[in-house]
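Data file: run_11.cif. Format and content: mmCIF, C-alpha atoms.
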```
data_my_file
loop_
_atom_site.label_atom_id
_atom_site.label_comp_id
_atom_site.auth_asym_id
_atom_site.auth_seq_id
_atom_site.Cartn_x
_atom_site.Cartn_y
_atom_site.Cartn_z
CA MET I 17 -14.55 -41.64 -0.04
CA HIS I 18 -14.28 -42.40 -3.74
CA ALA I 19 -10.53 -42.90 -4.39
CA ASP I 20 -10.43 -40.73 -7.49
CA LEU I 21 -12.37 -37.96 -5.75
CA ASP I 22 -9.96 -38.01 -2.83
CA ARG I 23 -7.03 -37.70 -5.24
CA LEU I 24 -8.80 -34.91 -7.14
CA ILE I 25 -9.28 -32.92 -3.94
CA ARG I 26 -5.61 -33.35 -3.04
CA LEU I 27 -4.58 -32.43 -6.58
CA GLN I 28 -6.74 -29.32 -6.40
CA SER I 29 -5.11 -28.40 -3.08
CA LEU I 30 -1.68 -28.63 -4.73
CA GLU I 31 -2.89 -26.60 -7.70
CA THR I 32 -4.23 -23.89 -5.38
CA ALA I 33 -0.97 -23.78 -3.43
CA ALA I 34 1.01 -23.54 -6.68
CA GLU I 35 -1.20 -20.71 -7.93
CA LEU I 36 -0.67 -18.77 -4.69
CA ALA I 37 3.08 -19.29 -4.95
CA ARG I 38 3.16 -18.19 -8.59
CA ARG I 39 1.09 -15.12 -7.73
CA ALA I 40 3.50 -14.20 -4.93
CA ILE I 41 6.39 -14.32 -7.40
CA VAL I 42 4.57 -12.45 -10.19
CA ASP I 43 3.31 -9.76 -7.80
CA GLU I 44 6.78 -9.05 -6.37
CA PRO I 45 7.62 -6.14 -8.75
CA THR I 46 4.23 -4.51 -8.13
CA ARG I 47 4.68 -4.86 -4.38
CA HIS I 48 8.11 -3.23 -4.62
CA GLN I 49 6.57 -0.38 -6.61
CA GLN I 50 3.95 0.10 -3.89
CA LEU I 51 6.66 0.21 -1.23
CA ASP I 52 8.64 2.69 -3.35
CA ALA I 53 5.53 4.86 -3.68
CA ARG I 54 4.92 4.82 0.08
CA LEU I 55 8.48 5.89 0.81
CA ALA I 56 8.38 8.52 -1.94
CA ALA I 57 5.21 10.03 -0.45
CA VAL I 58 6.84 10.43 2.96
CA GLN I 59 10.01 11.77 1.31
CA ALA I 60 7.91 14.31 -0.61
CA ALA I 61 6.29 15.47 2.66
CA LEU I 62 9.74 15.89 4.19
CA ASP I 63 11.01 17.78 1.13
CA HIS I 64 7.98 20.08 1.31
CA GLU I 65 8.69 20.99 4.93
CA ARG I 66 12.37 21.54 4.18
CA GLN I 67 11.44 23.81 1.27
CA ARG I 68 9.20 25.81 3.60
CA LEU I 69 12.14 26.18 5.96
CA VAL I 70 14.40 27.37 3.13
CA ALA I 71 11.70 29.82 1.97
CA ASN I 72 11.36 31.14 5.52
CA GLN I 73 15.11 31.70 5.81
CA ALA I 74 15.15 33.49 2.46
CA ALA I 75 12.23 35.70 3.51
CA ARG I 76 13.98 36.57 6.77
CA ARG I 77 17.14 37.55 4.91
CA GLU I 78 15.11 39.77 2.59
CA ILE I 79 13.26 41.38 5.50
CA ASP I 80 16.54 41.90 7.33
CA LYS I 81 17.98 43.59 4.25
CA VAL I 82 15.02 45.97 3.94
CA LEU I 83 14.97 46.56 7.69
CA THR I 84 18.65 47.49 7.65
CA MET I 85 17.96 49.92 4.81
CA HIS I 86 15.19 51.66 6.80
CA GLN I 87 17.32 51.74 9.95
CA ASP I 88 20.16 53.36 7.99
CA ARG I 89 17.70 55.87 6.58
CA LEU I 90 16.39 56.63 10.07
CA SER I 91 19.94 57.15 11.33
CA LYS I 92 20.62 59.48 8.42
CA TYR I 93 17.45 61.47 9.11
CA LYS I 94 18.44 61.83 12.77
CA ASP I 95 21.80 63.21 11.71
CA GLN I 96 20.14 65.62 9.27
CA LEU I 97 17.71 66.71 11.97
CA MET I 98 20.60 68.18 13.93
CA ALA I 99 21.51 70.33 10.96
CA VAL I 100 18.11 71.88 10.11
CA LYS I 101 17.81 75.64 10.48
CA THR I 102 14.16 76.44 9.95
CA ASN I 103 10.98 75.24 11.56
CA ARG I 104 9.68 74.17 8.16
CA GLU I 105 12.72 72.00 7.55
CA TYR I 106 12.38 70.59 11.06
CA GLN I 107 8.73 69.59 10.48
CA ALA I 108 9.60 68.02 7.13
CA MET I 109 12.41 66.03 8.72
CA GLN I 110 10.15 64.92 11.57
CA LYS I 111 7.71 63.57 9.01
CA GLU I 112 10.51 61.61 7.34
CA LEU I 113 11.55 60.25 10.73
CA GLU I 114 8.02 59.12 11.52
CA THR I 115 7.70 57.42 8.14
CA ALA I 116 11.02 55.61 8.62
CA GLN I 117 10.08 54.55 12.14
CA HIS I 118 6.74 53.25 10.85
CA GLU I 119 8.47 51.24 8.12
CA ILE I 120 10.90 49.83 10.67
CA GLN I 121 7.99 48.76 12.88
CA VAL I 122 6.25 47.10 9.93
CA PHE I 123 9.32 45.07 8.99
CA GLU I 124 10.16 44.23 12.59
CA ASP I 125 6.63 42.80 12.90
CA ARG I 126 7.16 40.82 9.70
CA MET I 127 10.49 39.55 11.02
CA LEU I 128 8.81 38.44 14.26
CA GLU I 129 6.15 36.59 12.26
CA ARG I 130 8.82 34.82 10.22
CA MET I 131 10.76 33.90 13.38
CA ILE I 132 7.64 32.35 14.91
CA GLU I 133 6.97 30.57 11.61
CA PHE I 134 10.58 29.34 11.57
CA ASP I 135 10.14 27.66 14.95
CA GLU I 136 6.90 26.01 13.79
CA VAL I 137 8.35 24.83 10.47
CA SER I 138 11.53 23.59 12.17
CA ALA I 139 9.34 21.43 14.43
CA GLN I 140 7.45 20.20 11.36
CA VAL I 141 10.74 19.29 9.66
CA LYS I 142 11.83 17.26 12.69
CA ARG I 143 8.49 15.42 12.74
CA ALA I 144 8.71 14.77 8.99
CA GLU I 145 12.28 13.49 9.36
CA GLN I 146 11.16 11.11 12.11
CA ALA I 147 8.19 9.97 10.03
CA PHE I 148 10.50 9.31 7.08
CA ALA I 149 12.98 7.38 9.24
CA ASN I 150 10.14 5.27 10.69
CA GLU I 151 8.63 4.58 7.26
CA ARG I 152 12.00 3.67 5.80
CA THR I 153 12.55 1.17 8.62
CA THR I 154 9.08 -0.29 8.04
CA VAL I 155 9.55 -0.47 4.27
CA ASP I 156 12.98 -2.10 4.64
CA GLU I 157 11.45 -4.75 6.90
CA GLU I 158 8.57 -5.33 4.47
CA ARG I 159 11.07 -5.71 1.63
CA ARG I 160 12.94 -8.30 3.67
CA GLN I 161 9.73 -10.19 4.38
CA LEU I 162 8.71 -9.94 0.72
CA ALA I 163 12.05 -11.39 -0.42
CA SER I 164 11.63 -14.21 2.10
CA ARG I 165 8.09 -14.99 0.90
CA VAL I 166 9.18 -14.99 -2.74
CA ALA I 167 12.07 -17.33 -1.95
CA GLU I 168 9.71 -19.63 -0.05
CA ALA I 169 7.22 -19.51 -2.93
CA ALA I 170 9.89 -20.47 -5.46
CA SER I 171 11.04 -23.32 -3.23
CA SER I 172 7.49 -24.52 -2.63
CA LEU I 173 6.83 -24.65 -6.39
CA ASP I 174 9.61 -27.20 -6.74
CA VAL I 175 8.16 -29.34 -3.96
CA ILE I 176 4.61 -28.98 -5.30
CA ALA I 177 5.73 -29.98 -8.79
CA VAL I 178 7.21 -33.23 -7.45
CA ASP I 179 4.13 -34.00 -5.33
CA ARG I 180 1.79 -33.12 -8.17
CA ALA I 181 3.59 -35.37 -10.63
CA ALA I 182 3.50 -38.27 -8.18
CA LEU I 183 -0.21 -37.79 -7.52
CA ALA I 184 -1.08 -37.26 -11.19
CA SER I 185 0.51 -40.59 -12.06
CA GLN I 186 -2.21 -42.32 -10.02
CA PHE I 187 -5.09 -40.97 -12.13
CA PRO I 188 -6.85 -42.61 -15.04
CA PRO I 189 -5.63 -40.67 -18.11
CA ALA I 190 -9.11 -39.47 -19.08
CA LEU I 191 -9.84 -38.06 -15.59
CA LEU I 192 -6.46 -36.35 -15.39
CA ALA I 193 -7.05 -34.83 -18.84
CA THR I 194 -10.41 -33.51 -17.62
CA PHE I 195 -8.77 -31.94 -14.58
CA GLU I 196 -5.99 -30.36 -16.66
CA ARG I 197 -8.52 -28.97 -19.14
CA LEU I 198 -10.54 -27.42 -16.32
CA VAL I 199 -7.42 -25.85 -14.80
CA LYS I 200 -6.56 -24.36 -18.18
CA HIS I 201 -10.01 -22.89 -18.80
CA ARG I 202 -11.22 -22.24 -15.24
CA GLY I 203 -8.03 -20.98 -13.65
CA SER I 204 -6.89 -22.93 -10.64
CA SER I 205 -10.38 -23.90 -9.44
CA ALA I 206 -11.09 -27.18 -11.20
CA VAL I 207 -12.49 -28.91 -8.11
CA VAL I 208 -14.94 -26.94 -5.95
CA GLU I 209 -17.23 -27.57 -3.03
CA VAL I 210 -20.96 -28.04 -3.34
CA ARG I 211 -22.74 -26.36 -0.45
CA ASP I 212 -26.46 -26.12 0.34
CA GLY I 213 -27.13 -28.02 -2.85
CA ARG I 214 -25.32 -25.49 -5.06
CA CYS I 215 -22.00 -25.35 -6.89
CA THR I 216 -19.99 -22.72 -5.00
CA ALA I 217 -18.34 -21.54 -8.24
CA CYS I 218 -21.37 -20.84 -10.44
CA GLN I 219 -24.17 -21.09 -7.82
CA VAL I 220 -26.23 -23.46 -9.98
CA ARG I 221 -28.24 -25.98 -7.96
CA VAL I 222 -27.44 -29.66 -8.45
CA ARG I 223 -30.13 -32.28 -8.68
CA PRO I 224 -31.18 -33.67 -5.26
CA GLN I 225 -30.19 -37.24 -6.12
CA VAL I 226 -26.72 -36.09 -7.24
CA PHE I 227 -26.35 -33.99 -4.10
CA ASN I 228 -27.13 -36.98 -1.91
CA GLU I 229 -24.51 -39.03 -3.75
CA LEU I 230 -22.00 -36.20 -3.36
CA ARG I 231 -22.73 -36.08 0.36
CA ARG I 232 -21.85 -39.77 0.55
CA HIS I 233 -18.68 -39.11 -1.50
CA GLU I 234 -19.67 -41.92 -3.85
CA ILE I 235 -19.20 -40.30 -7.27
CA VAL I 236 -16.98 -38.04 -9.32
CA PHE I 237 -19.43 -35.54 -10.77
CA GLN I 238 -19.04 -32.41 -12.86
CA CYS I 239 -21.32 -29.42 -12.43
CA GLU I 240 -23.83 -29.41 -15.24
CA SER I 241 -23.37 -25.66 -15.67
CA CYS I 242 -19.66 -24.79 -15.28
CA LEU I 243 -18.32 -28.38 -15.60
CA ARG I 244 -16.14 -28.09 -12.51
CA ILE I 245 -15.73 -31.25 -10.46
CA LEU I 246 -17.85 -31.08 -7.32
CA PHE I 247 -17.33 -32.48 -3.84
CA HIS I 248 -19.11 -32.17 -0.51
CA ALA I 249 -16.88 -30.97 2.30
CA GLY I 250 -18.95 -32.38 5.17
CA PRO I 251 -18.46 -35.75 6.81
CA VAL I 252 -19.22 -38.85 4.82
CA THR I 253 -22.89 -39.79 5.00
CA LEU I 254 -23.18 -43.59 4.89
CA PRO I 255 -26.24 -45.15 3.32
CA PRO I 256 -28.68 -46.77 5.75
CA VAL I 257 -28.13 -50.45 6.53
CA GLU I 258 -30.94 -52.59 5.15
CA GLY I 259 -33.27 -53.95 7.77
CA MET I 260 -32.38 -51.26 10.32
#
```

Hey, can you dump this file as C-alpha cells for me?
Amino acid sequence: MHADLDRLIRLQSLETAAELARRAIVDEPTRHQQLDARLAAVQAALDHERQRLVANQAARREIDKVLTMHQDRLSKYKDQLMAVKTNREYQAMQKELETAQHEIQVFEDRMLERMIEFDEVSAQVKRAEQAFANERTTVDEERRQLASRVAEAASSLDVIAVDRAALASQFPPALLATFERLVKHRGSSAVVEVRDGRCTACQVRVRPQVFNELRRHEIVFQCESCLRILFHAGPVTLPPVEGM
C-alpha cells in the first residue's frame, strides 16, 4: 500500500475515534436530561395514583359524613314515630322514614363503590411505587455507566492526541494541510472508502482507471466531486506480471 495512504487511513481512524469521544462528552448533559425525564415520567405516574388514593379517601370521608347525617335523621324519625297520635301524622312520618332509608341505601352503595375503588387504587399505587423503584435503579446504573464512558472518552482523547501528533509528523506538510482542511470543512470524514466504483460520501462515480489504481492502493486520490481522499478497503490487487 502507498505509505502516505496507509498513514492517511490511520489518521482518519484516529480522527473518527476522537470525534466519537468528543461527542460522548458533549452529549453528556443531554443524556442526563433524558434520564431525568424518564424518571420524572414514572414519578408523575406514581404521583397521579397517590392523588387518586387521596381523592378516594376524601370522598369516603364526605360520604361517611352525609351517611351519618341521614342515619341520625332516621333515628330521629323513629323516635318521633313513637310519639305520633293521628293516622295522618303516622303516614307522614312513614314517608320521611322511607326517604331517609332510601338516602342511606344510596350513600351506602356509594361508600361500597369507593371502598372497591380504594382497593384497586391501592394496588395501582403499589405497582407504581415498584415501577418507580425499578426505574430509579435502572437510571442510577445508566448514570454510572454514562459517567464511566465520559471518563474513558476524556482519557482516550489524551491518548489519541499523542498518537495523532506522532503520526501527523510523518506526513508531507502539503498532504497534512489537505487532510486538516478536509476535516475542518467535511467534519471528521476526510478519508472515505470507494465502493462499487463510487465515493461512499457523495456517491459520485470515479473514473475506471482511477478506481483500478485505488484497488491496487497505488495512489492518493481525492474525489473529484467532494474532494475527500479515497481508498479501497478490499485486498491489494497486484498488477499482472509481464510475460505471465

Checklist line | Test item: the PyMOL selection byres ((chain I and resi 75-91) around 10) resolved as a ChimeraX atom specification | finding: /I:69-74,92-97,112-124,126-131,134

Check: Which residue gives the smallest distance to I:Ser138 among I:Ser172, I:Glu196, I:Leu162, I:Gln67, with all atoms listed in the file counted?
Finding: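 The shortest atom-to-atom distance to I:Ser138 comes from I:Gln67.
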
Show me the residues around (-15.1, -31.9, -13.9) - criterion: an atom at most 10 Å away, only C-alpha atoms counted - as a CSV table (one decimal) with C-alpha atoms, in the frame of the given file.
```csv
chain,number,residue,atom,x,y,z
I,24,LEU,CA,-8.8,-34.9,-7.1
I,191,LEU,CA,-9.8,-38.1,-15.6
I,192,LEU,CA,-6.5,-36.4,-15.4
I,193,ALA,CA,-7.0,-34.8,-18.8
I,194,THR,CA,-10.4,-33.5,-17.6
I,195,PHE,CA,-8.8,-31.9,-14.6
I,196,GLU,CA,-6.0,-30.4,-16.7
I,197,ARG,CA,-8.5,-29.0,-19.1
I,198,LEU,CA,-10.5,-27.4,-16.3
I,199,VAL,CA,-7.4,-25.8,-14.8
I,206,ALA,CA,-11.1,-27.2,-11.2
I,207,VAL,CA,-12.5,-28.9,-8.1
I,208,VAL,CA,-14.9,-26.9,-6.0
I,236,VAL,CA,-17.0,-38.0,-9.3
I,237,PHE,CA,-19.4,-35.5,-10.8
I,238,GLN,CA,-19.0,-32.4,-12.9
I,239,CYS,CA,-21.3,-29.4,-12.4
I,240,GLU,CA,-23.8,-29.4,-15.2
I,242,CYS,CA,-19.7,-24.8,-15.3
I,243,LEU,CA,-18.3,-28.4,-15.6
I,244,ARG,CA,-16.1,-28.1,-12.5
I,245,ILE,CA,-15.7,-31.2,-10.5
I,246,LEU,CA,-17.8,-31.1,-7.3
```

Margin query: Need to verify the contact set: I:Arg152, 10 Å, all atoms listed in the file, exclusion of same-chain residues closer than 6 positions in sequence. Can you return it as a PyMOL selection string?
Written below: chain I and resi 51-52+54-56+58-59+146+158

Requested write-out: C-alpha atoms of the selected residues, as a tab-separated table (two decimals), keeping the file's coordinate frame:
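Contents of the output file out.tsv:
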```tsv
chain	number	residue	atom	x	y	z
I	51	LEU	CA	6.66	0.21	-1.23
I	52	ASP	CA	8.64	2.69	-3.35
I	54	ARG	CA	4.92	4.82	0.08
I	55	LEU	CA	8.48	5.89	0.81
I	56	ALA	CA	8.38	8.52	-1.94
I	58	VAL	CA	6.84	10.43	2.96
I	59	GLN	CA	10.01	11.77	1.31
I	146	GLN	CA	11.16	11.11	12.11
I	158	GLU	CA	8.57	-5.33	4.47
```

Non-local contacts of I:Glu44 (8 Å; only C-alpha atoms; under 3 positions in same chain excluded) as an mmCIF file with C-alpha atoms, keeping the file's coordinate frame:
```cif
data_model
loop_
_atom_site.group_PDB
_atom_site.id
_atom_site.type_symbol
_atom_site.label_atom_id
_atom_site.label_comp_id
_atom_site.auth_asym_id
_atom_site.auth_seq_id
_atom_site.Cartn_x
_atom_site.Cartn_y
_atom_site.Cartn_z
ATOM 1 C CA ALA I 40 3.500 -14.200 -4.930
ATOM 2 C CA ILE I 41 6.390 -14.320 -7.400
ATOM 3 C CA ARG I 47 4.680 -4.860 -4.380
ATOM 4 C CA HIS I 48 8.110 -3.230 -4.620
ATOM 5 C CA LEU I 162 8.710 -9.940 0.720
ATOM 6 C CA VAL I 166 9.180 -14.990 -2.740
#
```

For I:Ala60, list every protein, DNA or RNA residue within 12 Å, evaluated using all atoms listed in the file, and leave out those in the same chain fewer than 6 positions away; present the list as an mmCIF file with C-alpha atoms, in the frame of the given file.
```cif
data_model
loop_
_atom_site.group_PDB
_atom_site.id
_atom_site.type_symbol
_atom_site.label_atom_id
_atom_site.label_comp_id
_atom_site.auth_asym_id
_atom_site.auth_seq_id
_atom_site.Cartn_x
_atom_site.Cartn_y
_atom_site.Cartn_z
ATOM 1 C CA ASP I 52 8.640 2.690 -3.350
ATOM 2 C CA ALA I 53 5.530 4.860 -3.680
ATOM 3 C CA ARG I 54 4.920 4.820 0.080
ATOM 4 C CA ARG I 66 12.370 21.540 4.180
ATOM 5 C CA GLN I 67 11.440 23.810 1.270
ATOM 6 C CA VAL I 141 10.740 19.290 9.660
ATOM 7 C CA ALA I 144 8.710 14.770 8.990
ATOM 8 C CA GLU I 145 12.280 13.490 9.360
ATOM 9 C CA ALA I 147 8.190 9.970 10.030
ATOM 10 C CA PHE I 148 10.500 9.310 7.080
#
```

Centre, edges in Å (one decimal): axis-aligned box, stretch 199-217 of chain I, 8 Å padding on all six sides, as lines of an AutoDock Vina configuration file:
```
center_x = -16.8
center_y = -24.9
center_z = -9.2
size_x = 36.6
size_y = 23.9
size_z = 35.1
```

Next item on the list: Would you kindly return, as JSON, numbers by chain, each protein, DNA or RNA residue with an atom no farther than 9 Å from any atom of I:Arg211, considering only C-alpha atoms and excluding same-chain residues fewer than 2 positions away?
Entry: {"I": [209, 213, 214, 215, 216, 247, 248, 249]}

Final N, CA and C atoms of stretch 64-88 of chain I as a CSV table (one decimal), in the frame of the given file:
```
chain,number,residue,atom,x,y,z
I,64,HIS,N,8.9,18.9,1.3
I,64,HIS,CA,8.0,20.1,1.3
I,64,HIS,C,8.3,20.9,2.5
I,65,GLU,N,8.4,20.3,3.7
I,65,GLU,CA,8.7,21.0,4.9
I,65,GLU,C,10.1,21.6,4.9
I,66,ARG,N,11.0,21.0,4.3
I,66,ARG,CA,12.4,21.5,4.2
I,66,ARG,C,12.4,22.7,3.2
I,67,GLN,N,11.6,22.7,2.2
I,67,GLN,CA,11.4,23.8,1.3
I,67,GLN,C,10.8,25.0,2.0
I,68,ARG,N,9.8,24.7,2.8
I,68,ARG,CA,9.2,25.8,3.6
I,68,ARG,C,10.2,26.5,4.5
I,69,LEU,N,11.1,25.6,5.1
I,69,LEU,CA,12.1,26.2,6.0
I,69,LEU,C,13.1,27.1,5.2
I,70,VAL,N,13.5,26.6,4.0
I,70,VAL,CA,14.4,27.4,3.1
I,70,VAL,C,13.7,28.7,2.7
I,71,ALA,N,12.4,28.6,2.4
I,71,ALA,CA,11.7,29.8,2.0
I,71,ALA,C,11.6,30.8,3.1
I,72,ASN,N,11.4,30.3,4.3
I,72,ASN,CA,11.4,31.1,5.5
I,72,ASN,C,12.7,31.8,5.7
I,73,GLN,N,13.8,31.1,5.6
I,73,GLN,CA,15.1,31.7,5.8
I,73,GLN,C,15.4,32.8,4.8
I,74,ALA,N,15.0,32.5,3.5
I,74,ALA,CA,15.2,33.5,2.5
I,74,ALA,C,14.3,34.7,2.7
I,75,ALA,N,13.1,34.6,3.2
I,75,ALA,CA,12.2,35.7,3.5
I,75,ALA,C,12.8,36.5,4.7
I,76,ARG,N,13.4,35.8,5.7
I,76,ARG,CA,14.0,36.6,6.8
I,76,ARG,C,15.2,37.4,6.3
I,77,ARG,N,16.0,36.8,5.4
I,77,ARG,CA,17.1,37.6,4.9
I,77,ARG,C,16.7,38.8,4.1
I,78,GLU,N,15.6,38.6,3.4
I,78,GLU,CA,15.1,39.8,2.6
I,78,GLU,C,14.6,40.9,3.5
I,79,ILE,N,13.8,40.4,4.5
I,79,ILE,CA,13.3,41.4,5.5
I,79,ILE,C,14.4,42.1,6.2
I,80,ASP,N,15.4,41.3,6.6
I,80,ASP,CA,16.5,41.9,7.3
I,80,ASP,C,17.3,42.9,6.5
I,81,LYS,N,17.3,42.7,5.2
I,81,LYS,CA,18.0,43.6,4.2
I,81,LYS,C,17.2,44.9,4.2
I,82,VAL,N,15.9,44.8,4.0
I,82,VAL,CA,15.0,46.0,3.9
I,82,VAL,C,15.0,46.7,5.3
I,83,LEU,N,15.0,46.0,6.4
I,83,LEU,CA,15.0,46.6,7.7
I,83,LEU,C,16.2,47.4,7.9
I,84,THR,N,17.4,46.8,7.5
I,84,THR,CA,18.6,47.5,7.6
I,84,THR,C,18.6,48.8,6.9
I,85,MET,N,18.0,48.7,5.7
I,85,MET,CA,18.0,49.9,4.8
I,85,MET,C,17.2,51.0,5.5
I,86,HIS,N,16.0,50.7,6.1
I,86,HIS,CA,15.2,51.7,6.8
I,86,HIS,C,15.9,52.2,8.1
I,87,GLN,N,16.6,51.3,8.8
I,87,GLN,CA,17.3,51.7,10.0
I,87,GLN,C,18.4,52.7,9.6
I,88,ASP,N,19.1,52.4,8.5
I,88,ASP,CA,20.2,53.4,8.0
I,88,ASP,C,19.5,54.7,7.6
```
